[in-house]
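Q: Please see the structure below; I have some questions.
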Amino acid sequence: QSNGILVAIGTAGATIPTGTAIADTLLSSFTTTGTATIATSSVTVTLARVGSTVTATSTGNHDLANNVPVTIAGASPSDYNVTDTAITVNSATTFTYEISTTPSGASGTITATGTFASVPVQSDEFGTKQNKAAGSIATLQIQIANINESLTADYFGITGGVDQELDADRLERLLYVIRNPVSGFNVSQISTAAKTVPGVTRVFVNEATPAAGQCQIYLMADNNPPTTPSATMLVS
């Protein structure tokens with residue numbers, strides 16, 4: 001299953017409870033795994049301008065998403081200071097916004113402030129289709145007072161969904177069984193048995209290694225980055 005953070009906006013103090021249903025336009029569904037309360041949060045940033053685009057850089061993760069209106073304060077010249085402006089998140093520590101003038105370099109103790117909640121979610125289904133990129137939009141499936149119904153995935157996205165076995169991999173495994181009938185404890189039997197473990201896609205058997213009566217077995221899980229089998233696969 002996929003896990004990640006969806007960012008919600010609304011009135012400070014409003015809460016999204018654990019177990020809340022959320023879905024996107026591609027019919028992926030998610031459930032909140034913890035309670036999240038809208039709150040006002042500030043981070044200290046530095047500013048750099050190119051043309052009318054200003055890049056704000058924080059010292060730690062800013063936790064913002066593209067849907068959060070941000071107020072910039074404390075900058076000199078004051079042209080950099082904006083209220084509830086739209087932003088574009090570029091990384092976990094940077095975002096950009098637009099201004100209408102071209103002032104000189106910014107200085108001062110500058111803060112970026114937004115009112116939002118980081119909502120932990122887990123997909124209801126399995127597979128890579130449940131993974132969502134940063135900036136993806138999802139919608140609350142019930143109305144919650146003082147919470148905007150649209151939520152946005154943070155910079156890290158919603159990740160971790162893995163396909164247990166692709167159709168092509170399943171076909172390859174079945175064809176291998178047909179082409180390599182099992183006869184005793186041989187390479188075919190070892191390979192066939194190993195490929196029944198969900199997630200295992202390739203098997204390599206070195207016979208009589210390191211000595212007669214022994215063998216070495218190498219497993220690959222191509223759909224489970226970094227392609228090495230998990231501890232659960234090895235036990236199976």
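Residues are referred to by chain and number: the chain letter is A, B, ... according to the order shown in the structure tokens, the number counts from 1 in that chain, and ligands are numbered separately from 1 in the order shown.
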Considering only C-alpha atoms, return as a list of chain:residue names whatever protein or nucleic-acid residues lie within 9 Å of Arg173 in chain A, sequence-local ones (same chain, fewer than 5 positions apart) excluded.
A: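 Residues near the query, excluding close chain neighbours: A:Ala168, A:Ile178, A:Thr192, A:Lys195, A:Thr196, A:Thr201, A:Arg202.
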Q: Generate a file of the selected residues that holds C-alpha atoms, formatted as a compact mmCIF listing (two decimals), in the first residue's frame.
A:
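Output below, filename part.txt:
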# COMPACT_ATOMS: atom_id res chain seq x y z
CA ALA A 168 3.78 -10.09 -18.12
CA ILE A 178 5.38 -25.51 -19.11
CA THR A 192 9.25 -22.77 -10.02
CA LYS A 195 8.54 -17.78 -8.32
CA THR A 196 5.37 -18.64 -6.40
CA THR A 201 10.40 -12.23 -10.66
CA ARG A 202 13.70 -13.96 -11.52
Q: Mind dumping a table of every range 8-122 of chain A residue within 10 Å of range 138-160 of chain A, with the nearest atom pair and its distance in Å to one decimal, using only C-alpha atoms, sorted by chain and rising number, as a Markdown table?
A:
| residue | atom | partner | partner_atom | distance |
| --- | --- | --- | --- | --- |
| A:Ala8 | CA | A:Leu151 | CA | 4.9 |
| A:Ile9 | CA | A:Asn148 | CA | 5.8 |
| A:Gly10 | CA | A:Ile147 | CA | 4.4 |
| A:Thr11 | CA | A:Asn146 | CA | 5.4 |
| A:Ala12 | CA | A:Asn146 | CA | 8.4 |
| A:Gly13 | CA | A:Asn146 | CA | 8.8 |
| A:Ala14 | CA | A:Asn146 | CA | 6.0 |
| A:Thr15 | CA | A:Ile147 | CA | 7.8 |
| A:Ile16 | CA | A:Ile144 | CA | 7.3 |
| A:Pro17 | CA | A:Ile144 | CA | 9.5 |
| A:Thr20 | CA | A:Leu140 | CA | 7.7 |
| A:Ala21 | CA | A:Gln141 | CA | 5.5 |
| A:Ile22 | CA | A:Leu140 | CA | 4.6 |
| A:Ala23 | CA | A:Ala138 | CA | 5.4 |
| A:Asp24 | CA | A:Ala138 | CA | 4.3 |
| A:Thr25 | CA | A:Ala138 | CA | 7.3 |
| A:Leu26 | CA | A:Ala138 | CA | 9.4 |
| A:Leu27 | CA | A:Ala138 | CA | 9.7 |
| A:Ser28 | CA | A:Ala138 | CA | 8.9 |
| A:Ser29 | CA | A:Ala138 | CA | 8.8 |
| A:Phe30 | CA | A:Ala138 | CA | 9.0 |
| A:Thr31 | CA | A:Leu140 | CA | 9.8 |
| A:Thr37 | CA | A:Ile147 | CA | 9.8 |
| A:Ile38 | CA | A:Ile147 | CA | 8.2 |
| A:Asn61 | CA | A:Tyr155 | CA | 9.8 |
| A:His62 | CA | A:Tyr155 | CA | 9.8 |
| A:Asp63 | CA | A:Asp154 | CA | 7.0 |
| A:Leu64 | CA | A:Asp154 | CA | 6.6 |
| A:Ala65 | CA | A:Asp154 | CA | 5.1 |
| A:Asn66 | CA | A:Thr152 | CA | 7.1 |
| A:Asn67 | CA | A:Thr152 | CA | 6.4 |
| A:Val68 | CA | A:Thr152 | CA | 8.9 |
| A:Val89 | CA | A:Tyr155 | CA | 7.0 |
| A:Asn90 | CA | A:Tyr155 | CA | 7.6 |
| A:Ser91 | CA | A:Tyr155 | CA | 6.1 |
| A:Ala92 | CA | A:Tyr155 | CA | 5.9 |
| A:Thr93 | CA | A:Tyr155 | CA | 9.3 |
| A:Thr94 | CA | A:Tyr155 | CA | 10.0 |
| A:Phe116 | CA | A:Ile147 | CA | 9.5 |
| A:Ala117 | CA | A:Leu151 | CA | 9.7 |
| A:Ser118 | CA | A:Asp154 | CA | 8.4 |
| A:Val119 | CA | A:Leu151 | CA | 8.9 |
| A:Pro120 | CA | A:Ile158 | CA | 9.7 |
| A:Val121 | CA | A:Ile158 | CA | 8.3 |
| A:Gln122 | CA | A:Ile158 | CA | 8.3 |
Q: Could you please take those selected residues and save C-alpha atoms as a short mmCIF file (atom, residue, chain, number, x, y, z; two decimals), in the first residue's frame?
A:
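Dumped to again-v8.cif:
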data_model
loop_
_atom_site.label_atom_id
_atom_site.label_comp_id
_atom_site.auth_asym_id
_atom_site.auth_seq_id
_atom_site.Cartn_x
_atom_site.Cartn_y
_atom_site.Cartn_z
CA ALA A 8 -5.19 20.40 3.72
CA ILE A 9 -6.14 24.05 4.13
CA GLY A 10 -8.94 25.68 6.06
CA THR A 11 -9.63 27.51 9.31
CA ALA A 12 -7.13 27.10 12.14
CA GLY A 13 -8.44 24.61 14.69
CA ALA A 14 -10.51 22.56 12.25
CA THR A 15 -9.65 18.85 12.38
CA ILE A 16 -9.63 15.93 9.96
CA PRO A 17 -10.13 12.75 12.01
CA THR A 20 -11.51 9.89 6.87
CA ALA A 21 -12.07 8.77 3.27
CA ILE A 22 -10.27 10.63 0.46
CA ALA A 23 -10.18 9.91 -3.29
CA ASP A 24 -8.71 11.33 -6.49
CA THR A 25 -10.05 11.62 -10.04
CA LEU A 26 -8.27 8.38 -11.06
CA LEU A 27 -10.44 6.46 -8.57
CA SER A 28 -7.62 5.81 -6.12
CA SER A 29 -8.94 5.88 -2.58
CA PHE A 30 -7.11 6.69 0.64
CA THR A 31 -7.83 6.70 4.36
CA THR A 37 -5.55 19.82 12.78
CA ILE A 38 -5.29 22.99 10.71
CA ASN A 61 11.47 21.17 5.43
CA HIS A 62 8.76 23.79 4.95
CA ASP A 63 5.96 21.12 4.73
CA LEU A 64 4.04 23.29 2.27
CA ALA A 65 2.16 22.23 -0.86
CA ASN A 66 0.99 24.15 -3.93
CA ASN A 67 -2.48 24.71 -2.43
CA VAL A 68 -1.30 26.64 0.65
CA VAL A 89 6.72 24.01 -4.39
CA ASN A 90 10.03 23.05 -6.02
CA SER A 91 11.59 20.95 -3.27
CA ALA A 92 11.19 20.11 0.40
CA THR A 93 13.01 23.35 1.27
CA THR A 94 12.16 25.72 -1.62
CA PHE A 116 -2.58 24.17 6.83
CA ALA A 117 -2.43 20.59 8.11
CA SER A 118 -0.25 17.68 7.03
CA VAL A 119 -2.63 14.73 6.75
CA PRO A 120 -1.10 11.21 6.84
CA VAL A 121 -2.85 8.81 4.47
CA GLN A 122 -2.61 5.22 3.26
#
Q: Considering only C-alpha atoms, state which residue in the set A:Val70, A:Val235, A:Val177, A:Ala221 is at the smallest distance from Glu98 in chain A.
A: A:Val70
Q: State, in Å with one decimal place, the distance from CA of Thr232 in chain A to CA of Glu207 in chain A.
A: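 These atoms are spaced 24.6 Å apart.
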Q: Interatomic distance between CA of Thr85 in chain A and CA of Thr71 in chain A?
A: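 Going from CA of Thr85 in chain A over to CA of Thr71 in chain A, I get 6.3 Å.
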